[in-house]
2 protein chains.
Amino acid sequence: MENSVLLPISAADIDAAALVIAPYAVRTPLLSSPALDALTGARVFVKPEMLQRTGSFKFRGAFNKLSSIPQSARSGGVVAFSSGNHAQGVAAAAQILGMQATIVMPSDAPVSKREKTKGYGAEVVLYDRDKEDREAIARAIAGPRGATLVPPYDDPFVMAGQGTVGREIAEDLAALGLAPDVVVAQASGGGLIAGIATAVKARFPQASIMCAEPEGFDDHAISLRAGKRQPHAAQGRTICDALMAAMPGELTFAVNERLLAQGVVASDAEVGEAVKFAFRELKLVAEPGGAVGLAALLSGRFEARGKIVVIVMSGGNVDADLYAKLIA
Amino acid sequence: MENSVLLPISAADIDAAALVIAPYAVRTPLLSSPALDALTGARVFVKPEMLQRTGSFKFRGAFNKLSSIPQSARSGGVVAFSSGNHAQGVAAAAQILGMQATIVMPSDAPVSKREKTKGYGAEVVLYDRDKEDREAIARAIAGPRGATLVPPYDDPFVMAGQGTVGREIAEDLAALGLAPDVVVAQASGGGLIAGIATAVKARFPQASIMCAEPEGFDDHAISLRAGKRQPHAAQGRTICDALMAAMPGELTFAVNERLLAQGVVASDAEVGEAVKFAFRELKLVAEPGGAVGLAALLSGRFEARGKIVVIVMSGGNVDADLYAKLIA
């Protein structure tokens, strides 16, 4: 890429992150599904990040970030704010590295995500998503302790860690002698898709990288069209609890506006159908926020027929009662 | 193995099967789970055959068997009897090879398995599991048509096809520089475990291969102890609908009595917990009959601590309502 030196992360940063996380992260496979190929007329590969440690890709970025904290600063611990998957990623990474972790989570986050976060030994502080500012709370906690804040996406180490997803996709496709036409991954703050785009386009410059968002929560799609960061217009909720960031990150968007082809969206109903499809046909447990790209594919939200398409399923941390409703 | 030439299948048969099925079967990955390792104190690898075409390993044996039918006999089609996974495997293989398939299924088989079987273009004939003889029904259908009967396990081509599961396990572990201490897979008629034992022990003669059965339906465990084929004593049902064969197969037991270390069992309650664990921690959709080995591991039914253990999860075809109950 021309001028890639100006972007917040490079493929070399992702190579470095891959080495850092290798001893602890699961190298997830690239799966194929004859049923999905038959249904879409595409050759589809699924990157199942629900199989990652902590049940989502977030462990990658969290572990890479925490590993970058100098020894002298580690005793202060880390503080993060997260609706759940980043929380678990940071908590698990801190546990491995022997650091104390405090996580600021919305009070309406799925119970399973809260419990798992505590299970990794982290302290959980709840806040009201509609009334309180999670960043301010996190900073107030971090300050006196000398703790390091671990941003969920707007950080080069976090982005490079998430980019290892794309690096593995590129590596596995190259081993099969294939080049991807389309790679789709969910965007909330945009760290995952920025990392993936950086890694995949370094090896396959012709690939179209698309971010997937819940309908209405499509701040990336809006921002990509506008050529600058814009908030989404949604007021309510989506079943995609992991994807409710109001606006693309600054660093992530610097990458994404250069490397992404477009944004795609899917409705909550389409996402629910995708979760059910993943249960019935793929036999993978997907959380709603991890299945928006699959939903967009299944709903014909982008042209896939005849193409080599990679769908990143980013997580599987879903409460049993919601899951039971979605697969019924 | 000394005298291995006398057994119904050899590692070379499995090598041949691997070539036959390669264009159509999914080469399933070998997964690791930090959560499972931490819980068991073992280094555990999961072979997730729910990710196989048709949602279970059965496609492998079915496709290998159907491919062995001479062209001159293919127009008569195939007939099989099965509680569900073999049904889907045969139906999908027949569809690919352009053959007609008729499947004799018990009337209490999971609805999802019946519907999927029809979805692959097969004719489904139902019978009463307690009152009718499925083999007799299948033969009565096959005779006049000149159809080929496709046995669920007691057939060298079927066994060799299932053995590709073990071949992939051995190949993937060898690539990691590891040798398995224990490999566990479910047994109903014993075709899967016979194939796995043949392939794994050809490469790793020291590995202990164990078959897993639902408590009470442990005809393999009983037969291995007795040194001859014995029926199990169960009168009722198990949630493991895929594992209700009354007695080991003749050909499969000829292999299994030579190559298996022992049988392990798990109760329906333990199997239910394993299905839930797979949902919560592995993010894999397991059917009860595919999770008995995992249940035995989680319940401490065999010594795993400090060992390299491979757990074959053989299928994921479970009705949504039962699944919702199990994960609740």
# chains A, B, ... in the order shown; residues from 1 in each chain; ligands from 1
>>> residues_around(residues="A:Ala25", least_positions_apart="6", cutoff="12 Å", atoms="only C-alpha atoms", output="PyMOL selection string")
(chain A and resi 17-19+49+51-64+89+92-93+96+161-162+164-165) or (chain B and resi 31-35)
>>> interface_residues(of="chain B", to="chain A", cutoff="6 Å", atoms="only C-alpha atoms", output="list in words")
Lys283, Leu284, Val285, Ala320, Ala324 and Ala328 of chain B
>>> write_last_selection(atoms="C-alpha atoms", output="PDB file, in the first residue's frame")
ATOM      1  CA  LYS B 283     -18.705 -23.109  21.709  1.00  0.00           C
ATOM      2  CA  LEU B 284     -19.391 -26.320  19.829  1.00  0.00           C
ATOM      3  CA  VAL B 285     -22.875 -27.755  19.344  1.00  0.00           C
ATOM      4  CA  ALA B 320     -33.336 -27.341  19.385  1.00  0.00           C
ATOM      5  CA  ALA B 324     -32.289 -25.706  25.067  1.00  0.00           C
ATOM      6  CA  ALA B 328     -30.297 -24.220  30.639  1.00  0.00           C
TER       7      ALA B 328
END
>>> select_by_dssp(residues="stretch 118-160 of chain A", states="strand (DSSP E)", output="number ranges by chain")
A: 123-127, 148-149
>>> select_by_dssp(residues="stretch 124-211 of chain B", states="helix (DSSP H, G or I)", output="PyMOL selection string")
chain B and resi 134-145+156-175+191-203
>>> closest_residue(among="B:Asp133, B:Leu36, B:Gly290, B:Gly121", to="B:Asn85", atoms="only C-alpha atoms")
B:Gly290
>>> residues_around(residues="B:Ala101", least_positions_apart="4", cutoff="12 Å", atoms="only C-alpha atoms", output="VMD selection string")
chain B and resid 62 66 74 to 81 86 to 97 117 to 125 138 141 to 142 145 147 to 150
>>> write_last_selection(atoms="C-alpha atoms", output="mmCIF file, in the first residue's frame")
data_model
loop_
_atom_site.group_PDB
_atom_site.id
_atom_site.type_symbol
_atom_site.label_atom_id
_atom_site.label_comp_id
_atom_site.auth_asym_id
_atom_site.auth_seq_id
_atom_site.Cartn_x
_atom_site.Cartn_y
_atom_site.Cartn_z
ATOM 1 C CA ALA B 62 -20.968 -43.663 3.886
ATOM 2 C CA LEU B 66 -20.968 -45.804 -1.816
ATOM 3 C CA ARG B 74 -25.396 -47.972 -8.823
ATOM 4 C CA SER B 75 -28.698 -47.635 -10.663
ATOM 5 C CA GLY B 76 -30.350 -49.848 -8.039
ATOM 6 C CA GLY B 77 -29.653 -47.216 -5.424
ATOM 7 C CA VAL B 78 -28.853 -47.807 -1.769
ATOM 8 C CA VAL B 79 -30.832 -48.722 1.333
ATOM 9 C CA ALA B 80 -29.694 -48.083 4.891
ATOM 10 C CA PHE B 81 -31.136 -48.342 8.394
ATOM 11 C CA HIS B 86 -25.727 -42.678 9.262
ATOM 12 C CA ALA B 87 -28.999 -41.837 7.508
ATOM 13 C CA GLN B 88 -27.768 -38.345 6.726
ATOM 14 C CA GLY B 89 -24.327 -39.575 5.760
ATOM 15 C CA VAL B 90 -25.723 -42.094 3.287
ATOM 16 C CA ALA B 91 -28.297 -39.647 1.914
ATOM 17 C CA ALA B 92 -25.704 -36.925 1.352
ATOM 18 C CA ALA B 93 -23.218 -39.348 -0.212
ATOM 19 C CA ALA B 94 -25.921 -40.755 -2.518
ATOM 20 C CA GLN B 95 -26.921 -37.267 -3.572
ATOM 21 C CA ILE B 96 -23.338 -36.394 -4.496
ATOM 22 C CA LEU B 97 -22.893 -39.644 -6.421
ATOM 23 C CA THR B 117 -32.200 -36.881 5.724
ATOM 24 C CA LYS B 118 -35.153 -35.963 3.517
ATOM 25 C CA GLY B 119 -33.378 -32.716 2.711
ATOM 26 C CA TYR B 120 -30.582 -34.687 1.054
ATOM 27 C CA GLY B 121 -33.153 -36.193 -1.288
ATOM 28 C CA ALA B 122 -33.579 -39.560 0.425
ATOM 29 C CA GLU B 123 -36.829 -41.475 0.896
ATOM 30 C CA VAL B 124 -37.429 -42.090 4.622
ATOM 31 C CA VAL B 125 -39.317 -45.186 5.859
ATOM 32 C CA ALA B 138 -34.302 -52.738 4.787
ATOM 33 C CA ILE B 141 -36.972 -52.880 0.282
ATOM 34 C CA ALA B 142 -33.553 -53.530 -1.216
ATOM 35 C CA ARG B 145 -34.869 -52.987 -6.471
ATOM 36 C CA ALA B 147 -30.351 -51.877 -4.184
ATOM 37 C CA THR B 148 -27.136 -52.114 -2.187
ATOM 38 C CA LEU B 149 -27.500 -52.303 1.582
ATOM 39 C CA VAL B 150 -25.196 -49.861 3.377
#
>>> residues_around(residues="B:Gln235", least_positions_apart="4", cutoff="10 Å", atoms="only C-alpha atoms", output="PyMOL selection string")
chain B and resi 216-217+246
>>> write_last_selection(atoms="N, CA and C atoms", output="PDB file, in the first residue's frame")
ATOM      1  N   GLY B 216     -25.024 -48.269  31.047  1.00  0.00           N
ATOM      2  CA  GLY B 216     -26.102 -49.226  30.792  1.00  0.00           C
ATOM      3  C   GLY B 216     -26.099 -49.751  29.370  1.00  0.00           C
ATOM      4  N   PHE B 217     -25.631 -48.910  28.435  1.00  0.00           N
ATOM      5  CA  PHE B 217     -25.579 -49.301  27.023  1.00  0.00           C
ATOM      6  C   PHE B 217     -24.133 -49.661  26.644  1.00  0.00           C
ATOM      7  N   ALA B 246     -27.364 -52.725  20.254  1.00  0.00           N
ATOM      8  CA  ALA B 246     -27.464 -53.668  21.369  1.00  0.00           C
ATOM      9  C   ALA B 246     -26.173 -54.444  21.594  1.00  0.00           C
TER      10      ALA B 246
END
>>> residues_around(residues="A:Val200", least_positions_apart="3", cutoff="8 Å", atoms="only C-alpha atoms", output="compact mmCIF listing (two decimals) with N, CA and C atoms, in the first residue's frame")
# COMPACT_ATOMS: atom_id res chain seq x y z
N GLY A 166 -6.66 -11.82 10.90
CA GLY A 166 -6.48 -11.67 9.45
C GLY A 166 -5.22 -12.34 8.94
N ARG A 167 -4.19 -12.29 9.77
CA ARG A 167 -2.93 -12.93 9.37
C ARG A 167 -3.12 -14.44 9.22
N ILE A 169 -5.98 -15.96 8.58
CA ILE A 169 -6.83 -16.17 7.40
C ILE A 169 -5.96 -16.16 6.14
N ALA A 170 -5.11 -15.15 6.03
CA ALA A 170 -4.26 -15.01 4.84
C ALA A 170 -3.33 -16.21 4.69
N ILE A 196 -7.62 -6.86 10.67
CA ILE A 196 -7.82 -7.84 9.60
C ILE A 196 -7.49 -7.22 8.24
N ALA A 197 -7.98 -6.02 8.01
CA ALA A 197 -7.73 -5.35 6.73
C ALA A 197 -6.24 -5.16 6.51
N ARG A 203 -1.15 -9.12 2.10
CA ARG A 203 -0.87 -10.34 1.32
C ARG A 203 -1.74 -10.41 0.07
N PHE A 204 -2.98 -9.90 0.17
CA PHE A 204 -3.93 -9.96 -0.95
C PHE A 204 -4.50 -8.56 -1.20
N PRO A 205 -3.75 -7.70 -1.89
CA PRO A 205 -4.18 -6.31 -2.04
C PRO A 205 -5.53 -6.15 -2.76
N ALA A 207 -8.24 -7.95 -2.30
CA ALA A 207 -9.40 -8.40 -1.51
C ALA A 207 -10.26 -7.22 -1.08
>>> closest_residue(among="A:Ala160, A:Leu297, A:Phe277, A:Glu250", to="A:Val20", atoms="only C-alpha atoms")
A:Ala160
>>> closest_residue(among="A:Val44, A:Val312, A:Val182, A:Ala16", to="A:Ser67", atoms="only C-alpha atoms")
A:Ala16
>>> closest_residue(among="B:Val255, B:Ala38, B:Ala174, B:Met313", to="B:Pro156", atoms="only C-alpha atoms")
B:Val255
>>> decode(residues="stretch 208-231 of chain B", atoms="N, CA, C and O atoms", output="PDB file, in the first residue's frame")
ATOM      1  N   SER B 208      -3.339 -45.452  24.119  1.00  0.00           N
ATOM      2  CA  SER B 208      -4.495 -46.190  24.641  1.00  0.00           C
ATOM      3  C   SER B 208      -5.750 -45.696  23.947  1.00  0.00           C
ATOM      4  O   SER B 208      -6.096 -44.519  24.055  1.00  0.00           O
ATOM      5  N   ILE B 209      -6.430 -46.582  23.260  1.00  0.00           N
ATOM      6  CA  ILE B 209      -7.664 -46.192  22.572  1.00  0.00           C
ATOM      7  C   ILE B 209      -8.833 -46.701  23.401  1.00  0.00           C
ATOM      8  O   ILE B 209      -8.898 -47.868  23.754  1.00  0.00           O
ATOM      9  N   MET B 210      -9.754 -45.775  23.737  1.00  0.00           N
ATOM     10  CA  MET B 210     -10.891 -46.152  24.580  1.00  0.00           C
ATOM     11  C   MET B 210     -12.201 -45.827  23.867  1.00  0.00           C
ATOM     12  O   MET B 210     -12.324 -44.778  23.248  1.00  0.00           O
ATOM     13  N   CYS B 211     -13.170 -46.732  24.001  1.00  0.00           N
ATOM     14  CA  CYS B 211     -14.498 -46.420  23.479  1.00  0.00           C
ATOM     15  C   CYS B 211     -15.365 -45.907  24.625  1.00  0.00           C
ATOM     16  O   CYS B 211     -15.203 -46.309  25.778  1.00  0.00           O
ATOM     17  N   ALA B 212     -16.242 -44.978  24.291  1.00  0.00           N
ATOM     18  CA  ALA B 212     -17.121 -44.365  25.293  1.00  0.00           C
ATOM     19  C   ALA B 212     -18.566 -44.721  24.972  1.00  0.00           C
ATOM     20  O   ALA B 212     -19.003 -44.611  23.827  1.00  0.00           O
ATOM     21  N   GLU B 213     -19.301 -45.138  26.001  1.00  0.00           N
ATOM     22  CA  GLU B 213     -20.699 -45.540  25.831  1.00  0.00           C
ATOM     23  C   GLU B 213     -21.554 -44.970  26.955  1.00  0.00           C
ATOM     24  O   GLU B 213     -21.062 -44.733  28.061  1.00  0.00           O
ATOM     25  N   PRO B 214     -22.850 -44.807  26.687  1.00  0.00           N
ATOM     26  CA  PRO B 214     -23.750 -44.377  27.758  1.00  0.00           C
ATOM     27  C   PRO B 214     -23.846 -45.487  28.805  1.00  0.00           C
ATOM     28  O   PRO B 214     -23.880 -46.662  28.447  1.00  0.00           O
ATOM     29  N   GLU B 215     -23.900 -45.080  30.061  1.00  0.00           N
ATOM     30  CA  GLU B 215     -24.023 -46.055  31.148  1.00  0.00           C
ATOM     31  C   GLU B 215     -25.227 -46.969  30.883  1.00  0.00           C
ATOM     32  O   GLU B 215     -26.297 -46.500  30.514  1.00  0.00           O
ATOM     33  N   GLY B 216     -25.024 -48.269  31.047  1.00  0.00           N
ATOM     34  CA  GLY B 216     -26.102 -49.226  30.792  1.00  0.00           C
ATOM     35  C   GLY B 216     -26.099 -49.751  29.370  1.00  0.00           C
ATOM     36  O   GLY B 216     -26.517 -50.868  29.110  1.00  0.00           O
ATOM     37  N   PHE B 217     -25.631 -48.910  28.435  1.00  0.00           N
ATOM     38  CA  PHE B 217     -25.579 -49.301  27.023  1.00  0.00           C
ATOM     39  C   PHE B 217     -24.133 -49.661  26.644  1.00  0.00           C
ATOM     40  O   PHE B 217     -23.670 -49.381  25.550  1.00  0.00           O
ATOM     41  N   ASP B 218     -23.454 -50.268  27.602  1.00  0.00           N
ATOM     42  CA  ASP B 218     -22.007 -50.465  27.496  1.00  0.00           C
ATOM     43  C   ASP B 218     -21.637 -51.863  26.997  1.00  0.00           C
ATOM     44  O   ASP B 218     -20.802 -52.544  27.574  1.00  0.00           O
ATOM     45  N   ASP B 219     -22.268 -52.234  25.886  1.00  0.00           N
ATOM     46  CA  ASP B 219     -21.994 -53.568  25.337  1.00  0.00           C
ATOM     47  C   ASP B 219     -20.533 -53.723  24.915  1.00  0.00           C
ATOM     48  O   ASP B 219     -19.974 -54.818  25.010  1.00  0.00           O
ATOM     49  N   HIS B 220     -19.892 -52.659  24.478  1.00  0.00           N
ATOM     50  CA  HIS B 220     -18.471 -52.779  24.143  1.00  0.00           C
ATOM     51  C   HIS B 220     -17.616 -53.011  25.385  1.00  0.00           C
ATOM     52  O   HIS B 220     -16.742 -53.875  25.389  1.00  0.00           O
ATOM     53  N   ALA B 221     -17.884 -52.233  26.429  1.00  0.00           N
ATOM     54  CA  ALA B 221     -17.097 -52.395  27.659  1.00  0.00           C
ATOM     55  C   ALA B 221     -17.253 -53.818  28.197  1.00  0.00           C
ATOM     56  O   ALA B 221     -16.274 -54.485  28.556  1.00  0.00           O
ATOM     57  N   ILE B 222     -18.502 -54.296  28.207  1.00  0.00           N
ATOM     58  CA  ILE B 222     -18.771 -55.662  28.680  1.00  0.00           C
ATOM     59  C   ILE B 222     -18.057 -56.682  27.788  1.00  0.00           C
ATOM     60  O   ILE B 222     -17.393 -57.608  28.276  1.00  0.00           O
ATOM     61  N   SER B 223     -18.168 -56.496  26.491  1.00  0.00           N
ATOM     62  CA  SER B 223     -17.585 -57.454  25.543  1.00  0.00           C
ATOM     63  C   SER B 223     -16.059 -57.459  25.627  1.00  0.00           C
ATOM     64  O   SER B 223     -15.426 -58.517  25.528  1.00  0.00           O
ATOM     65  N   LEU B 224     -15.478 -56.280  25.805  1.00  0.00           N
ATOM     66  CA  LEU B 224     -14.011 -56.219  25.918  1.00  0.00           C
ATOM     67  C   LEU B 224     -13.546 -56.975  27.159  1.00  0.00           C
ATOM     68  O   LEU B 224     -12.542 -57.689  27.118  1.00  0.00           O
ATOM     69  N   ARG B 225     -14.293 -56.818  28.248  1.00  0.00           N
ATOM     70  CA  ARG B 225     -13.916 -57.545  29.470  1.00  0.00           C
ATOM     71  C   ARG B 225     -14.110 -59.051  29.304  1.00  0.00           C
ATOM     72  O   ARG B 225     -13.298 -59.851  29.768  1.00  0.00           O
ATOM     73  N   ALA B 226     -15.190 -59.424  28.603  1.00  0.00           N
ATOM     74  CA  ALA B 226     -15.501 -60.849  28.442  1.00  0.00           C
ATOM     75  C   ALA B 226     -14.635 -61.509  27.372  1.00  0.00           C
ATOM     76  O   ALA B 226     -14.541 -62.733  27.306  1.00  0.00           O
ATOM     77  N   GLY B 227     -14.058 -60.674  26.499  1.00  0.00           N
ATOM     78  CA  GLY B 227     -13.275 -61.248  25.410  1.00  0.00           C
ATOM     79  C   GLY B 227     -14.134 -61.805  24.285  1.00  0.00           C
ATOM     80  O   GLY B 227     -13.663 -62.490  23.393  1.00  0.00           O
ATOM     81  N   LYS B 228     -15.428 -61.521  24.332  1.00  0.00           N
ATOM     82  CA  LYS B 228     -16.316 -61.900  23.224  1.00  0.00           C
ATOM     83  C   LYS B 228     -17.533 -60.981  23.194  1.00  0.00           C
ATOM     84  O   LYS B 228     -17.840 -60.313  24.184  1.00  0.00           O
ATOM     85  N   ARG B 229     -18.200 -60.938  22.052  1.00  0.00           N
ATOM     86  CA  ARG B 229     -19.326 -60.031  21.859  1.00  0.00           C
ATOM     87  C   ARG B 229     -20.478 -60.369  22.790  1.00  0.00           C
ATOM     88  O   ARG B 229     -20.943 -61.502  22.821  1.00  0.00           O
ATOM     89  N   GLN B 230     -20.922 -59.354  23.523  1.00  0.00           N
ATOM     90  CA  GLN B 230     -22.000 -59.516  24.490  1.00  0.00           C
ATOM     91  C   GLN B 230     -22.968 -58.353  24.334  1.00  0.00           C
ATOM     92  O   GLN B 230     -22.545 -57.231  24.077  1.00  0.00           O
ATOM     93  N   PRO B 231     -24.270 -58.595  24.518  1.00  0.00           N
ATOM     94  CA  PRO B 231     -25.214 -57.469  24.484  1.00  0.00           C
ATOM     95  C   PRO B 231     -25.152 -56.679  25.790  1.00  0.00           C
ATOM     96  O   PRO B 231     -24.672 -57.192  26.795  1.00  0.00           O
TER      97      PRO B 231
END
